[in-house]
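Input: a single structure, listed below in C-alpha cells.
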Amino acid sequence: MSRPAGGAPRLQAVDLTTRALDLRELMDEPDCDPRALARTFRRFALVNALVSGWRAAWRTHVVPALPASGRGRVLDLGCGGGDLARALVRWAASDGFDVEVVGADPDARAIEAAERSTPRGVTFRQQSSGELLAGGERFDVVVSNHVLHHLGDDERHGFLADSEALATSRSLHSDIRRSPEAYRAYALASTFVAAGTFVRVDGLRSIRRSFTLPELRDALPSGWRAEQAAPHRVLAIRDADLAA
C-alpha cells in the first residue's frame with residue numbers, strides 16, 4: 001500500500017481473478033521471528049472474533065449436529081493459537097451444552113501459543129488429522145478455520161477424507177471468500193492491529209489464496225456441499241448420515 005502526499009493510503013492493484021497459489025504466508029515459514037509469530041497468534045484471535053462469523057456458524061451448523069443429550073465432542077483441526085476452540089467451549093456453556101473441545105495442530109509453535117490459555121473443557125494436542133484418526137479418535141463435529149486455503153489439492157483431499165472419518169455427525173470447515181471487497185476491507189482495517197505481527201501481510205495473502213464459492217464447490221469431493229456465509233466467508237460441510 002502506498003500513501004499519496006496529503007492523502008489516504010492507496011491500495012495497490014492485485015489480481016483476484018484466480019487463486020494465488022504461489023504465495024506463502026510468513027507465519028508458515030519455519031524460521032520466522034518467534035516473537036512476531038506469538039504476537040500474530042494473539043492478534044489473529046481479535047481479528048477472527050470480529051470477522052470469522054463463527055458465532056453464527058456455531059448456532060446454525062454445530063449445535064444441530066450435537067447429541068440430543070447436550071454432551072458432545074468437537075475437534076478443531078489446525079487450531080492455530082486456539083481462539084476458536086476456546087470460543088466454542090464458551091458458547092457451549094452459555095447455551096447449556098457440555099462440550100469437550102480438542103484443538104489439534106501439527107505445528108508445535110501453534111500449540112505452544114494455544115496452551116497459554118487452556119480453559120476447562122479444552123485440550124490442545126500437537127497432532128495431524130491423520131495421527132488422530134490412526135489413534136482411533138472420533139468426534140461428533142469436526143471444524144476448522146482458515147485451513148483449506150493453505151492446502152494443495154492432494155493435502156486438501158487427505159484432510160477432508162480424515163475429517164469425514166473423524167466426524168460421526170458433521171464436518172464444518174470455514175474459510176475466507178476471495179473477493180475485491182474482502183481484500184480492500186482487510187487491507188484498510190488490518191493496519192490498526194498489524195504492528196509487530198504478520199497479520200496484515202498474511203491476511204492479504206490468505207485472501208488471495210482463498211476460494212470463491214464456485215471454486216470451492218468444484219474442489220470438494222462427493223458428499224460435501226459449499227455454502228456462502230457473511231461476511232466474506234465460505235463453508236465446506238459434510239453430514240455423515242447423508243453421505244453413506
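Labels for the C-alpha cells follow display order: chains A, B, ..., residues from 1 in each chain, ligands from 1.
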Could you produce a table of the residues of stretch 10-70 of chain A lying within 10 Å of stretch 183-202 of chain A, with the nearest pair of atoms per residue and their separation in Å rounded to one decimal, using only C-alpha atoms, ordered by chain and increasing residue number, as JSON lines?
```
{"residue": "A:Arg10", "atom": "CA", "partner": "A:Leu188", "partner_atom": "CA", "distance": 9.4}
{"residue": "A:Leu11", "atom": "CA", "partner": "A:Arg184", "partner_atom": "CA", "distance": 7.4}
{"residue": "A:Gln12", "atom": "CA", "partner": "A:Arg184", "partner_atom": "CA", "distance": 9.8}
{"residue": "A:Ala13", "atom": "CA", "partner": "A:Arg184", "partner_atom": "CA", "distance": 9.9}
{"residue": "A:Val14", "atom": "CA", "partner": "A:Tyr183", "partner_atom": "CA", "distance": 9.3}
{"residue": "A:Leu16", "atom": "CA", "partner": "A:Tyr183", "partner_atom": "CA", "distance": 8.8}
{"residue": "A:Leu23", "atom": "CA", "partner": "A:Asp202", "partner_atom": "CA", "distance": 9.4}
{"residue": "A:Arg24", "atom": "CA", "partner": "A:Asp202", "partner_atom": "CA", "distance": 8.2}
{"residue": "A:Glu25", "atom": "CA", "partner": "A:Asp202", "partner_atom": "CA", "distance": 5.1}
{"residue": "A:Leu26", "atom": "CA", "partner": "A:Asp202", "partner_atom": "CA", "distance": 6.3}
{"residue": "A:Met27", "atom": "CA", "partner": "A:Phe198", "partner_atom": "CA", "distance": 6.7}
{"residue": "A:Asp28", "atom": "CA", "partner": "A:Asp202", "partner_atom": "CA", "distance": 9.3}
{"residue": "A:Cys32", "atom": "CA", "partner": "A:Phe198", "partner_atom": "CA", "distance": 9.7}
{"residue": "A:Asp33", "atom": "CA", "partner": "A:Thr197", "partner_atom": "CA", "distance": 9.3}
{"residue": "A:Arg35", "atom": "CA", "partner": "A:Thr197", "partner_atom": "CA", "distance": 8.5}
{"residue": "A:Ala36", "atom": "CA", "partner": "A:Thr197", "partner_atom": "CA", "distance": 4.9}
{"residue": "A:Leu37", "atom": "CA", "partner": "A:Thr197", "partner_atom": "CA", "distance": 6.7}
{"residue": "A:Ala38", "atom": "CA", "partner": "A:Thr197", "partner_atom": "CA", "distance": 8.3}
{"residue": "A:Arg39", "atom": "CA", "partner": "A:Thr197", "partner_atom": "CA", "distance": 5.9}
{"residue": "A:Thr40", "atom": "CA", "partner": "A:Thr197", "partner_atom": "CA", "distance": 4.9}
{"residue": "A:Phe41", "atom": "CA", "partner": "A:Val199", "partner_atom": "CA", "distance": 8.6}
{"residue": "A:Arg42", "atom": "CA", "partner": "A:Thr197", "partner_atom": "CA", "distance": 9.5}
{"residue": "A:Arg43", "atom": "CA", "partner": "A:Val193", "partner_atom": "CA", "distance": 7.0}
{"residue": "A:Phe44", "atom": "CA", "partner": "A:Val199", "partner_atom": "CA", "distance": 6.7}
{"residue": "A:Leu46", "atom": "CA", "partner": "A:Val193", "partner_atom": "CA", "distance": 8.9}
{"residue": "A:Val47", "atom": "CA", "partner": "A:Ser190", "partner_atom": "CA", "distance": 8.3}
{"residue": "A:Val51", "atom": "CA", "partner": "A:Tyr186", "partner_atom": "CA", "distance": 9.6}
```
From a backbone DSSP assignment, name each residue in stretch 35-238 of chain A labelled alpha helix (DSSP H), as a VMD selection string.
chain A and resid 35 to 51 54 to 57 83 to 94 108 to 114 129 to 134 153 to 166 180 to 189 199 to 209 213 to 219
List every residue of stretch 44-225 of chain A that DSSP, applied to the backbone of this structure, assigns to strand (DSSP E), and report them as a PyMOL selection string.
chain A and resi 71-77+98-104+122-125+139-145+167-176+225
Let me make sure I understand: among A:Arg233, A:Arg71, A:Arg156, A:Arg125, which one has the smallest atom-to-atom distance to A:Ile176 if we use only C-alpha atoms?
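Going through A:Arg233, A:Arg71, A:Arg156, A:Arg125 one by one, the smallest distance to A:Ile176 is for A:Arg233.
The closest residue to A:Ser174, picked from A:Ala45, A:Ala93, A:Ala57, A:Ala104 and counting only C-alpha atoms, is A:Ala57.
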Any idea what the distance is between atom CA of A:Thr60 and atom CA of A:Gly80?
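It comes out at 23.4 Å.
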Within 9 Å of stretch 149-151 of chain A, counting only C-alpha atoms, which residues show up once you throw out same-chain ones fewer than 4 positions away? Write them as a list in words, please.
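In the requested form, the answer reads Leu21, Arg24, Glu25, Glu155, Arg156, His157, Phe159, Asp175, Ile176, Ser206, Ile207, Arg209, Ser210 and Phe211 of chain A.
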Output file for the selection above: C-alpha atoms, as a CSV table (one decimal), in the first residue's frame:
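Heads up, here's the output in again-v6.csv:
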```
chain,number,residue,atom,x,y,z
A,21,LEU,CA,-1.2,-20.4,-5.0
A,24,ARG,CA,3.3,-18.4,1.1
A,25,GLU,CA,2.3,-16.9,4.4
A,155,GLU,CA,-3.4,-32.3,1.0
A,156,ARG,CA,-6.9,-31.0,0.8
A,157,HIS,CA,-8.3,-34.3,-0.3
A,159,PHE,CA,-7.6,-33.5,5.1
A,175,ASP,CA,-12.6,-20.1,5.2
A,176,ILE,CA,-12.3,-16.7,3.5
A,206,SER,CA,-4.7,-15.7,2.7
A,207,ILE,CA,-7.4,-13.8,0.8
A,209,ARG,CA,-5.1,-17.9,-1.9
A,210,SER,CA,-8.7,-18.5,-0.9
A,211,PHE,CA,-11.7,-19.8,-2.8
```
As JSON, numbers by chain, please: the residues near A:Glu215 (cut-off 12 Å, only C-alpha atoms, same-chain neighbours under 6 positions excluded).
{"A": [17, 18, 19, 149, 177, 178, 209, 225, 226, 227, 228, 234, 235, 236]}
For those residues, write N, CA and C atoms to a file as a compact mmCIF listing (two decimals), in the first residue's frame.
```txt
# COMPACT_ATOMS: atom_id res chain seq x y z
N THR A 17 -8.61 -12.61 -9.74
CA THR A 17 -9.45 -13.44 -10.60
C THR A 17 -9.18 -14.92 -10.42
N THR A 18 -7.98 -15.26 -9.95
CA THR A 18 -7.63 -16.66 -9.70
C THR A 18 -6.90 -16.77 -8.37
N ARG A 19 -6.83 -17.97 -7.83
CA ARG A 19 -6.13 -18.20 -6.57
C ARG A 19 -4.62 -18.02 -6.76
N HIS A 149 -7.46 -23.03 2.57
CA HIS A 149 -6.69 -22.28 1.57
C HIS A 149 -5.19 -22.53 1.67
N ARG A 177 -13.82 -16.04 1.75
CA ARG A 177 -14.30 -15.99 0.36
C ARG A 177 -13.56 -14.88 -0.37
N ARG A 178 -12.78 -15.26 -1.36
CA ARG A 178 -11.95 -14.28 -2.07
C ARG A 178 -12.81 -13.32 -2.89
N ARG A 209 -5.14 -16.45 -1.70
CA ARG A 209 -5.06 -17.90 -1.87
C ARG A 209 -6.43 -18.57 -1.73
N ARG A 225 -20.86 -30.22 0.55
CA ARG A 225 -21.52 -29.08 -0.08
C ARG A 225 -20.82 -27.79 0.37
N ALA A 226 -20.91 -26.78 -0.47
CA ALA A 226 -20.31 -25.47 -0.16
C ALA A 226 -21.43 -24.45 0.00
N GLU A 227 -21.28 -23.61 1.00
CA GLU A 227 -22.25 -22.54 1.26
C GLU A 227 -21.53 -21.22 1.43
N GLN A 228 -22.20 -20.16 1.09
CA GLN A 228 -21.67 -18.82 1.34
C GLN A 228 -22.17 -18.34 2.68
N VAL A 234 -16.85 -18.66 3.17
CA VAL A 234 -17.39 -19.88 2.55
C VAL A 234 -17.28 -21.01 3.56
N LEU A 235 -18.22 -21.95 3.47
CA LEU A 235 -18.25 -23.10 4.37
C LEU A 235 -18.25 -24.38 3.53
N ALA A 236 -17.45 -25.34 3.93
CA ALA A 236 -17.48 -26.69 3.37
C ALA A 236 -18.10 -27.60 4.42
```
Just the residues within 12 Å of A:His61, please, counting only C-alpha atoms, with nothing from its chain fewer than 3 positions along; format it as a ChimeraX atom specification.
/A:53-58,64-66,141-143,169-174,227,229,235-239
Rank A:Ala68, A:Leu77, A:Ala134, A:Asp162 by their smallest atom-to-atom distance to A:Ile111, using only C-alpha atoms, and report the top residue only.
A:Leu77
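You will find atom CA of A:Ala85 at 23.9 Å from atom CA of A:Arg205.
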